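Undergrad: For reference, this is model09.tsv, and it has TSV, C-alpha atoms and all ligand atoms.
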```
chain	number	residue	atom	x	y	z
A	4	MET	CA	269.74	162.57	171.10
A	5	LYS	CA	267.05	160.17	172.18
A	6	GLU	CA	267.20	159.31	175.87
A	7	GLY	CA	268.49	155.82	176.56
A	8	ASN	CA	269.86	155.13	173.10
A	9	VAL	CA	273.14	153.26	172.77
A	10	LEU	CA	275.91	155.66	171.79
A	11	ILE	CA	277.97	154.75	168.75
A	12	PHE	CA	281.67	155.49	169.08
A	13	ASP	CA	283.24	155.18	165.66
A	14	THR	CA	286.89	154.17	165.59
A	15	THR	CA	287.28	153.63	161.84
A	16	LEU	CA	289.85	156.42	161.63
A	17	ARG	CA	291.89	155.00	164.52
A	18	ASP	CA	291.50	151.21	164.91
A	19	GLY	CA	290.41	150.84	161.28
A	20	GLU	CA	293.27	152.89	159.99
A	21	GLN	CA	295.75	150.58	161.77
A	22	VAL	CA	294.93	147.87	159.22
A	23	PRO	CA	297.88	147.13	156.93
A	24	GLY	CA	297.36	148.94	153.64
A	25	ALA	CA	294.47	151.08	154.93
A	26	SER	CA	296.46	154.24	155.57
A	27	LEU	CA	294.60	157.38	154.59
A	28	THR	CA	295.65	160.92	153.73
A	29	LYS	CA	294.46	163.85	155.82
A	30	ALA	CA	291.99	164.89	153.11
A	31	GLU	CA	290.59	161.37	152.95
A	32	LYS	CA	290.21	161.25	156.73
A	33	ILE	CA	288.28	164.51	156.68
A	34	GLU	CA	286.05	163.17	153.91
A	35	ILE	CA	285.30	160.05	155.96
A	36	ALA	CA	284.72	162.08	159.13
A	37	LYS	CA	282.16	164.22	157.30
A	38	GLN	CA	280.37	161.11	156.05
A	39	LEU	CA	280.41	159.74	159.63
A	40	GLU	CA	278.77	162.97	160.73
A	41	LYS	CA	276.01	162.37	158.15
A	42	LEU	CA	275.68	158.83	159.46
A	43	ASN	CA	275.13	160.54	162.80
A	44	VAL	CA	277.62	158.64	164.92
A	45	ASP	CA	277.86	160.07	168.45
A	46	VAL	CA	281.64	160.00	168.76
A	47	ILE	CA	284.42	159.92	166.15
A	48	GLU	CA	287.79	158.69	167.33
A	49	ALA	CA	289.86	160.65	164.85
A	50	GLY	CA	293.30	159.23	165.62
A	51	PHE	CA	296.18	158.74	168.03
A	52	PRO	CA	297.87	162.18	168.04
A	53	ILE	CA	301.24	161.27	169.59
A	54	SER	CA	301.76	158.33	167.22
A	55	SER	CA	302.77	160.48	164.24
A	56	PRO	CA	302.70	164.10	163.03
A	57	GLY	CA	300.23	162.99	160.34
A	58	ASP	CA	297.85	161.58	162.91
A	59	PHE	CA	298.16	164.70	165.07
A	60	ASP	CA	297.38	166.85	162.08
A	61	ALA	CA	294.36	164.78	161.07
A	62	VAL	CA	292.87	164.92	164.58
A	63	ARG	CA	293.40	168.67	164.66
A	64	ALA	CA	291.82	169.17	161.24
A	65	ILE	CA	288.80	167.00	162.01
A	66	SER	CA	288.34	168.83	165.34
A	67	GLU	CA	288.21	172.09	163.42
A	68	GLU	CA	285.92	170.98	160.61
A	69	LEU	CA	283.20	169.00	162.35
A	70	THR	CA	280.45	170.40	164.49
A	71	THR	CA	278.05	167.72	165.67
A	72	PRO	CA	279.83	164.60	166.96
A	73	ILE	CA	282.22	164.42	169.87
A	74	ILE	CA	285.80	164.14	168.55
A	75	ALA	CA	288.00	161.77	170.53
A	76	GLY	CA	291.75	161.33	170.44
A	77	LEU	CA	293.55	158.29	171.80
A	78	CYS	CA	296.55	158.45	174.13
A	79	ARG	CA	298.48	156.12	176.39
A	80	ALA	CA	298.30	156.82	180.13
A	81	VAL	CA	301.41	158.98	179.78
A	82	LYS	CA	301.67	162.75	180.34
A	83	LYS	CA	303.23	163.67	177.00
A	84	ASP	CA	300.62	161.58	175.12
A	85	ILE	CA	297.79	163.26	176.98
A	86	GLU	CA	299.23	166.73	176.35
A	87	SER	CA	299.60	166.03	172.65
A	88	CYS	CA	296.05	164.68	172.48
A	89	ALA	CA	294.65	167.74	174.30
A	90	GLN	CA	296.48	170.01	171.88
A	91	ALA	CA	295.17	168.22	168.82
A	92	LEU	CA	291.62	168.48	170.19
A	93	LYS	CA	291.89	172.13	171.14
A	94	LYS	CA	289.54	173.42	168.42
A	95	ALA	CA	286.92	170.70	168.85
A	96	LYS	CA	283.44	171.91	169.82
A	97	ARG	CA	283.21	168.82	171.97
A	98	GLY	CA	286.49	166.98	172.48
A	99	ARG	CA	287.22	163.79	174.39
A	100	ILE	CA	290.53	162.51	175.68
A	101	HIS	CA	290.60	158.72	175.55
A	102	THR	CA	293.41	157.27	177.61
A	103	PHE	CA	294.27	153.59	177.97
A	104	ILE	CA	296.61	151.12	179.62
A	105	GLY	CA	296.83	147.31	179.68
A	106	THR	CA	295.40	145.87	182.91
A	107	SER	CA	295.66	142.09	182.40
A	108	ASP	CA	298.59	140.41	184.16
A	109	ILE	CA	300.11	139.48	180.82
A	110	HIS	CA	300.05	143.13	179.69
A	111	VAL	CA	301.19	144.43	183.10
A	112	LYS	CA	304.11	142.04	183.11
A	113	TYR	CA	305.24	141.98	179.48
A	114	ILE	CA	304.17	145.32	178.03
A	115	THR	CA	304.63	147.75	180.92
A	116	ASN	CA	306.99	145.57	183.00
A	117	SER	CA	305.14	146.80	186.04
A	118	THR	CA	302.81	145.78	188.89
A	119	ARG	CA	299.04	145.92	189.36
A	120	GLU	CA	299.38	148.63	192.03
A	121	ASP	CA	301.53	150.76	189.77
A	122	ILE	CA	299.12	150.39	186.82
A	123	LEU	CA	296.20	151.39	189.06
A	124	GLN	CA	298.09	154.50	190.14
A	125	ARG	CA	299.10	155.40	186.57
A	126	SER	CA	295.47	155.01	185.46
A	127	VAL	CA	294.19	157.34	188.16
A	128	ASP	CA	296.97	159.87	187.48
A	129	ALA	CA	296.29	159.80	183.73
A	130	VAL	CA	292.56	160.43	184.17
A	131	LYS	CA	293.20	163.28	186.62
A	132	PHE	CA	295.77	164.81	184.31
A	133	ALA	CA	293.47	164.52	181.29
A	134	ARG	CA	290.68	166.19	183.24
A	135	GLU	CA	292.90	169.27	183.60
A	136	PHE	CA	292.43	169.77	179.83
A	137	CYS	CA	289.00	168.35	179.14
A	138	ASP	CA	285.79	167.53	181.02
A	139	ASP	CA	285.10	164.56	178.79
A	140	VAL	CA	287.56	161.78	179.61
A	141	GLU	CA	287.28	158.14	178.65
A	142	TYR	CA	289.43	155.47	180.26
A	143	SER	CA	290.11	152.04	178.69
A	144	ALA	CA	291.34	149.03	180.64
A	145	MET	CA	293.06	147.35	177.71
A	146	ASP	CA	292.69	143.54	177.63
A	147	ALA	CA	289.90	143.84	180.22
A	148	THR	CA	288.49	140.41	179.35
A	149	ARG	CA	291.73	138.77	180.50
A	150	THR	CA	292.08	141.02	183.56
A	151	ASP	CA	291.50	139.68	187.08
A	152	PHE	CA	287.90	140.62	187.93
A	153	GLU	CA	288.46	141.99	191.45
A	154	TYR	CA	291.33	144.11	190.16
A	155	LEU	CA	289.28	145.34	187.22
A	156	CYS	CA	286.53	146.44	189.65
A	157	ARG	CA	289.08	148.48	191.63
A	158	ILE	CA	290.45	150.08	188.46
A	159	VAL	CA	286.96	151.01	187.27
A	160	GLU	CA	285.94	152.42	190.68
A	161	GLU	CA	289.13	154.47	191.08
A	162	THR	CA	289.18	155.87	187.53
A	163	ILE	CA	285.55	156.95	187.88
A	164	LYS	CA	286.50	158.67	191.16
A	165	ALA	CA	289.39	160.33	189.33
A	166	GLY	CA	286.96	161.82	186.82
A	167	ALA	CA	286.45	159.44	183.91
A	168	GLY	CA	282.89	159.74	182.61
A	169	ILE	CA	283.19	156.83	180.22
A	170	ILE	CA	284.79	153.51	181.14
A	171	ASN	CA	285.66	151.27	178.26
A	172	ILE	CA	285.86	147.50	178.74
A	173	PRO	CA	287.65	146.23	175.64
A	174	ASP	CA	287.90	142.65	174.49
A	175	SER	CA	291.16	143.73	172.88
A	176	VAL	CA	292.15	140.28	171.63
A	177	GLY	CA	288.70	139.00	170.64
A	178	TYR	CA	288.85	136.27	173.27
A	179	SER	CA	285.47	136.53	174.97
A	180	THR	CA	282.15	134.88	174.18
A	181	PRO	CA	278.70	136.53	174.26
A	182	GLU	CA	277.53	134.83	177.48
A	183	GLU	CA	280.81	135.45	179.27
A	184	PHE	CA	281.16	139.06	178.12
A	185	GLY	CA	277.57	139.90	179.04
A	186	LEU	CA	278.16	138.44	182.48
A	187	LEU	CA	281.34	140.49	182.90
A	188	ILE	CA	279.41	143.71	182.22
A	189	LYS	CA	276.57	142.61	184.50
A	190	ASN	CA	279.00	141.78	187.33
A	191	LEU	CA	280.77	145.13	186.95
A	192	MET	CA	277.39	146.86	187.12
A	193	ASN	CA	276.60	145.03	190.33
A	194	LYS	CA	280.01	145.17	192.02
A	195	VAL	CA	281.40	148.66	191.34
A	196	PRO	CA	279.69	151.01	193.84
A	197	ASN	CA	280.01	154.23	191.77
A	198	ILE	CA	279.29	152.64	188.36
A	199	ASP	CA	276.19	154.81	187.90
A	200	LYS	CA	278.48	157.85	187.61
A	201	ALA	CA	279.89	156.62	184.29
A	202	ILE	CA	278.79	155.26	180.93
A	203	ILE	CA	280.06	151.76	180.30
A	204	SER	CA	281.53	151.30	176.85
A	205	VAL	CA	282.67	148.15	175.05
A	206	HIS	CA	285.21	147.62	172.29
A	207	CYS	CA	285.14	144.12	170.83
A	208	HIS	CA	287.48	142.52	168.35
A	209	ASN	CA	286.43	139.87	165.90
A	210	ASP	CA	289.18	137.25	166.16
A	211	LEU	CA	286.60	134.50	166.76
A	212	GLY	CA	283.86	136.17	164.72
A	213	MET	CA	281.99	137.25	167.85
A	214	ALA	CA	282.61	141.02	167.99
A	215	THR	CA	279.04	142.03	167.16
A	216	ALA	CA	277.47	139.31	169.34
A	217	ASN	CA	279.72	140.23	172.27
A	218	SER	CA	278.92	143.94	171.91
A	219	LEU	CA	275.17	143.28	171.82
A	220	SER	CA	275.38	140.97	174.81
A	221	ALA	CA	277.09	143.83	176.68
A	222	VAL	CA	274.27	146.17	175.64
A	223	LEU	CA	271.72	143.75	177.10
A	224	ASN	CA	273.63	143.92	180.36
A	225	GLY	CA	273.91	147.68	180.64
A	226	ALA	CA	276.66	148.93	178.32
A	227	ARG	CA	275.57	152.22	176.73
A	228	GLN	CA	278.39	152.92	174.31
A	229	VAL	CA	279.64	150.57	171.59
A	230	GLU	CA	282.93	151.15	169.84
A	231	CYS	CA	282.84	149.92	166.28
A	232	THR	CA	284.00	150.57	162.73
A	233	ILE	CA	282.57	150.77	159.23
A	234	ASN	CA	282.80	147.41	157.42
A	235	GLY	CA	284.21	145.99	160.68
A	236	LEU	CA	287.66	147.27	159.71
A	237	GLY	CA	290.29	147.12	162.46
A	238	GLU	CA	293.35	145.38	163.84
A	239	ARG	CA	293.70	141.72	162.78
A	240	ALA	CA	290.20	140.29	162.19
A	241	GLY	CA	288.73	143.72	162.83
A	242	ASN	CA	286.21	145.31	165.18
A	243	ALA	CA	282.48	145.05	165.64
A	244	ALA	CA	280.86	146.55	162.51
A	245	ILE	CA	278.73	149.67	162.96
A	246	GLU	CA	276.30	148.54	160.28
A	247	GLU	CA	275.66	145.27	162.12
A	248	ILE	CA	275.22	146.89	165.54
A	249	ALA	CA	272.94	149.63	164.21
A	250	MET	CA	270.75	147.32	162.11
A	251	ALA	CA	270.55	144.60	164.78
A	252	LEU	CA	269.29	147.14	167.31
A	253	LYS	CA	266.87	148.57	164.75
A	254	VAL	CA	265.52	145.34	163.25
A	255	ARG	CA	265.40	143.55	166.61
A	256	ASN	CA	264.24	146.49	168.66
A	257	ASP	CA	261.48	144.22	169.94
A	258	PHE	CA	264.19	142.18	171.67
A	259	TYR	CA	266.86	144.71	172.61
A	260	LYS	CA	264.42	147.52	173.50
A	261	THR	CA	267.04	150.11	172.65
A	262	ASN	CA	268.26	151.79	169.50
A	263	THR	CA	271.07	153.98	168.20
A	264	ASN	CA	271.07	157.53	166.82
A	265	ILE	CA	272.47	156.25	163.51
A	266	ASN	CA	270.87	157.50	160.30
A	267	THR	CA	270.82	154.02	158.76
A	268	LYS	CA	270.05	155.35	155.26
A	269	GLU	CA	273.68	156.55	155.12
A	270	ILE	CA	275.13	153.10	155.90
A	271	TYR	CA	275.64	151.94	152.33
A	272	ALA	CA	277.21	155.21	151.16
A	273	THR	CA	279.60	155.19	154.12
A	274	SER	CA	280.62	151.60	153.48
A	275	LYS	CA	281.24	152.35	149.79
A	276	LEU	CA	283.32	155.42	150.59
A	277	LEU	CA	285.51	153.38	152.95
A	278	THR	CA	286.03	150.69	150.33
A	279	LYS	CA	286.95	153.30	147.75
A	280	LEU	CA	289.41	155.17	149.94
A	281	THR	CA	291.09	152.21	151.66
A	282	GLY	CA	291.00	149.84	148.69
A	283	LEU	CA	289.87	147.11	151.10
A	284	ALA	CA	286.95	145.25	149.54
A	285	VAL	CA	284.06	143.97	151.63
A	286	GLN	CA	283.40	140.23	151.35
A	287	ALA	CA	280.40	139.55	149.08
A	288	ASN	CA	278.39	137.81	151.81
A	289	LYS	CA	279.17	140.38	154.53
A	290	ALA	CA	276.10	141.14	156.64
A	291	ILE	CA	274.26	144.37	155.70
A	292	VAL	CA	276.81	145.86	153.25
A	293	GLY	CA	278.10	142.87	151.27
A	294	GLN	CA	277.29	142.82	147.57
A	295	ASN	CA	275.00	139.81	148.09
A	296	ALA	CA	273.33	140.96	151.32
A	297	PHE	CA	270.18	141.96	149.42
A	298	ALA	CA	270.64	139.78	146.34
A	299	HIS	CA	268.41	136.83	145.59
A	300	ALA	CA	269.45	134.06	143.25
A	301	SER	CA	267.12	131.13	143.92
A	302	GLY	CA	263.96	131.04	141.80
A	303	ILE	CA	261.74	130.27	144.80
A	304	HIS	CA	263.16	133.19	146.81
A	305	GLN	CA	262.92	135.57	143.84
A	306	ASP	CA	259.30	134.72	143.23
A	307	ALA	CA	258.49	135.11	146.93
A	308	ILE	CA	260.30	138.40	147.45
A	309	LEU	CA	258.63	139.93	144.38
A	310	LYS	CA	255.25	138.97	145.89
A	311	LYS	CA	256.06	140.16	149.40
A	312	GLU	CA	259.39	141.51	150.64
A	313	ASP	CA	259.06	140.08	154.16
A	314	THR	CA	259.11	136.51	152.86
A	315	PHE	CA	262.91	136.42	152.57
A	316	GLY	CA	263.96	139.84	153.79
A	317	ILE	CA	264.10	141.02	157.41
A	318	MET	CA	264.94	144.62	156.54
A	319	SER	CA	264.41	146.76	153.49
A	320	PRO	CA	267.38	147.61	151.27
A	321	GLU	CA	266.11	151.21	151.37
A	322	SER	CA	266.70	151.27	155.15
A	323	ILE	CA	270.47	151.23	154.53
A	324	GLY	CA	270.28	153.52	151.51
A	325	LEU	CA	270.13	150.91	148.75
A	326	ASN	CA	267.77	151.05	145.84
A	327	GLY	CA	265.75	147.85	146.20
A	328	HIS	CA	266.58	144.16	146.35
A	329	SER	CA	268.76	142.82	143.61
A	330	ILE	CA	267.39	139.91	141.70
A	331	VAL	CA	270.19	137.97	140.05
A	332	LEU	CA	268.90	136.35	136.88
A	333	THR	CA	270.34	132.86	136.37
A	334	SER	CA	269.08	129.54	135.07
A	335	ARG	CA	267.44	129.06	138.47
A	336	SER	CA	265.25	132.15	138.00
A	337	GLY	CA	261.59	131.70	137.25
A	338	ARG	CA	259.22	133.32	134.74
A	339	HIS	CA	257.95	135.77	137.34
A	340	ALA	CA	261.43	137.21	138.01
A	341	LEU	CA	262.14	137.46	134.28
A	342	LYS	CA	258.88	139.24	133.56
A	343	HIS	CA	259.52	141.62	136.45
A	344	ARG	CA	262.96	142.55	135.13
A	345	LEU	CA	261.66	143.04	131.57
A	346	LYS	CA	258.99	145.35	132.96
A	347	ASP	CA	261.70	147.34	134.77
A	348	LEU	CA	263.50	147.67	131.45
A	349	GLY	CA	260.34	149.06	129.83
A	350	TYR	CA	258.99	146.00	127.99
A	351	SER	CA	255.39	145.04	128.40
A	352	ILE	CA	255.03	141.33	127.87
A	353	GLU	CA	251.85	139.39	127.29
A	354	GLU	CA	251.51	136.11	129.12
A	355	SER	CA	251.33	134.36	125.72
A	356	GLU	CA	254.74	135.75	124.68
A	357	LEU	CA	256.44	134.85	127.93
A	358	THR	CA	256.84	131.12	127.25
A	359	ASP	CA	258.96	131.73	124.16
A	360	ILE	CA	260.97	134.53	125.79
A	361	TYR	CA	261.60	132.38	128.86
A	362	LYS	CA	262.92	129.58	126.64
A	363	GLN	CA	265.36	131.96	124.95
A	364	PHE	CA	266.33	133.32	128.35
A	365	LEU	CA	267.14	129.80	129.61
A	366	ASP	CA	269.30	129.19	126.51
A	367	VAL	CA	271.39	132.23	127.43
A	368	ALA	CA	271.36	131.39	131.15
A	369	ASP	CA	272.68	127.89	130.47
A	370	ARG	CA	275.60	129.31	128.55
A	371	LYS	CA	276.35	132.15	130.98
A	372	LYS	CA	276.23	132.16	134.76
A	373	GLU	CA	274.29	135.39	135.04
A	374	VAL	CA	271.95	137.03	132.54
A	375	PHE	CA	272.42	140.78	132.36
A	376	ASN	CA	270.15	143.50	131.05
A	377	ASP	CA	272.11	143.70	127.80
A	378	ASP	CA	271.48	139.99	127.19
A	379	LEU	CA	267.75	140.56	127.70
A	380	LYS	CA	267.75	143.51	125.31
A	381	LEU	CA	269.34	141.28	122.62
A	382	ILE	CA	266.57	138.71	123.06
A	383	MET	CA	263.95	141.47	122.82
A	384	ASP	CA	265.58	142.88	119.67
A	385	ARG	CA	265.52	139.43	118.12
A	386	ILE	CA	261.77	139.08	118.58
A	387	GLY	CA	261.16	142.68	117.59
A	388	LYS	CA	260.06	144.02	120.97
A	389	VAL	CA	260.65	147.68	121.71
A	390	ALA	CA	261.01	149.16	125.17
A	391	ARG	CA	258.76	152.05	126.11
B	1	ZN	ZN	290.90	147.83	169.13
```
Please render this file's structure as structure tokens.
TA:
Amino acid sequence: MKEGNVLIFDTTLRDGEQVPGASLTKAEKIEIAKQLEKLNVDVIEAGFPISSPGDFDAVRAISEELTTPIIAGLCRAVKKDIESCAQALKKAKRGRIHTFIGTSDIHVKYITNSTREDILQRSVDAVKFAREFCDDVEYSAMDATRTDFEYLCRIVEETIKAGAGIINIPDSVGYSTPEEFGLLIKNLMNKVPNIDKAIISVHCHNDLGMATANSLSAVLNGARQVECTINGLGERAGNAAIEEIAMALKVRNDFYKTNTNINTKEIYATSKLLTKLTGLAVQANKAIVGQNAFAHASGIHQDAILKKEDTFGIMSPESIGLNGHSIVLTSRSGRHALKHRLKDLGYSIEESELTDIYKQFLDVADRKKEVFNDDLKLIMDRIGKVAR
């Protein structure tokens, strides 16, 4: 692992799997975990072992099968949850117990029906108890962005003292904004005296469409682990998307000055596998992995990108494992794009022939929205051209 890189904590199999309709079989979870290993994520949160026998089983199986990434299991700050999690992780080469409890007043009052002092004590006890099973313990202050700041500082300081090596600051309800969330991380870094003993992690939800921006703002202010999911899958509007975090840090390395360990060439394959197994389609204009993310429809853009990729592309499709830009042939496409496609199909066209072919192409394009390769082959047949 490269020193100083941001660690990617994948929670597709936990937060992502909580999405209605996304439930996966054990075999499917193992298949995804193996693909995540190829993607080279640092941590895989494989499930929430106490929540169901199926989840327990999946965490146990993934712990047994995988070798490289850390395998994390989620548990409430409750003894029986922690015990179950430790058991499920028993065979992991590197296991992590991830324990959490709500720390905002609204969670303290309505979810746990408790007090701040009691929640602080339960947090410390949970971390200490988890450390009896595992050296690698992560603590999450659920709803941190709506938690009183002074109280959050105490929680973070005390859970680090209790033995948590990773402290997660989740924006559980997707309420924060990039400036505010960055400042929260910065203030924690400055206020908590033992903060250098732990890695600060963030877990942002996308309710206002700011999960990726919030996560990156946290990175700028010292967070060194980002929790995210493939295709941004997750509760409600989802989580920060791995593909966006990884490519933003790669493409804008000049600005962020940090990177991830992600093998970005596996991004597209991972996204496709998730879509196939969950049945949840990715929106066509989704950043990085959407069907149109590397597609060009305007004639001016097509002409430019065929001359030089950088004109309308900030990253290469190959960098995420795709095979080139996709040029969508429509009535807005120019002669250059048409000639380029015909060449790809094996036809060599003289400049003198192109005018007539382009006219026939426009006839088809006016009738249909998109002109496909088969349409082009029909035109070529008609004028007696043979592909080589
Ligand atoms: Zn979440």
Undergrad: Taking into account only C-alpha atoms and all ligand atoms, which residue in the set A:Glu141, A:Asp45, A:Asp146, A:Glu153 is nearest to ligand ZN 1 (chain B)?
TA: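 Closest residue, counting only C-alpha atoms and all ligand atoms: A:Asp146.
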Undergrad: For chain A versus ligand ZN 1 (chain B), which residues have an atom no more than 9 Å away, and what is each residue's nearest atom pair and distance in Å rounded to one decimal, using all atoms listed in the file, chain-then-number order, as CSV?
TA:
```
residue,atom,partner,partner_atom,distance
A:Thr14,CA,B:ZN1,ZN,8.3
A:Arg17,CA,B:ZN1,ZN,8.6
A:Asp18,CA,B:ZN1,ZN,5.4
A:Gly19,CA,B:ZN1,ZN,8.4
A:Met145,CA,B:ZN1,ZN,8.9
A:Pro173,CA,B:ZN1,ZN,7.5
A:Asp174,CA,B:ZN1,ZN,8.0
A:Ser175,CA,B:ZN1,ZN,5.6
A:Val176,CA,B:ZN1,ZN,8.1
A:His206,CA,B:ZN1,ZN,6.5
A:Cys207,CA,B:ZN1,ZN,7.1
A:His208,CA,B:ZN1,ZN,6.4
A:Glu230,CA,B:ZN1,ZN,8.7
A:Cys231,CA,B:ZN1,ZN,8.8
A:Gly237,CA,B:ZN1,ZN,6.7
A:Glu238,CA,B:ZN1,ZN,6.3
A:Gly241,CA,B:ZN1,ZN,7.8
A:Asn242,CA,B:ZN1,ZN,6.6
```
Undergrad: So how far away is CA of Leu341 (chain A) from CA of Ala296 (chain A), in Å?
TA: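 Answer for the CA of Ala296 (chain A) to CA of Leu341 (chain A) separation: 20.7 Å.
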Undergrad: Contacts of Ala243 (chain A) at 9 Å or less, counting all atoms listed in the file, minus same-chain residues fewer than 3 places along, as a list in words?
TA: His206, Cys207, His208, Asn209, Met213, Ala214, Thr215, Ala216, Asn217, Ser218, Val229, Glu230, Cys231, Thr232, Ile233, Asn234, Gly235, Leu236, Gly237, Glu246, Glu247 and Ile248 of chain A
Undergrad: Between CA of Arg370 (chain A) and CA of Gly349 (chain A), what is the distance in Å, rounded to a tenth?
TA: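 These atoms are spaced 25.0 Å apart.
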Undergrad: In Å to one decimal, how far is CA of Ile169 (chain A) from CA of Asp60 (chain A)?
TA: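 If I compute the distance from CA of Asp60 (chain A) to CA of Ile169 (chain A), I get 25.1 Å.
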Undergrad: What's around region 323-330 of chain A at 6 Å? Count only C-alpha atoms, leave out sequence neighbours fewer than 6 positions away in its own chain, and write the answer as a PyMOL selection string.
TA: chain A and resi 267-271+297-299
Undergrad: Which neighbours of region 365-368 of chain A fall inside 9 Å, counting all atoms listed in the file, when residues of the same chain fewer than 6 positions from it are skipped, and could you give them as a PyMOL selection string?
TA: chain A and resi 332-336+374+378
Undergrad: Set the distance at 12 Å and use only C-alpha atoms: which residues neighbour Asp199 (chain A) once local chain neighbours fewer than 2 positions away are removed? I'd like the list as number ranges by chain.
TA: A: 159-160, 163-164, 167-170, 191-197, 201-203, 225-227
Undergrad: Which one is closest to Ser220 (chain A): A:Pro181, A:Phe258, A:Ile198, A:Gly76? Count all atoms listed in the file.
TA: A:Pro181
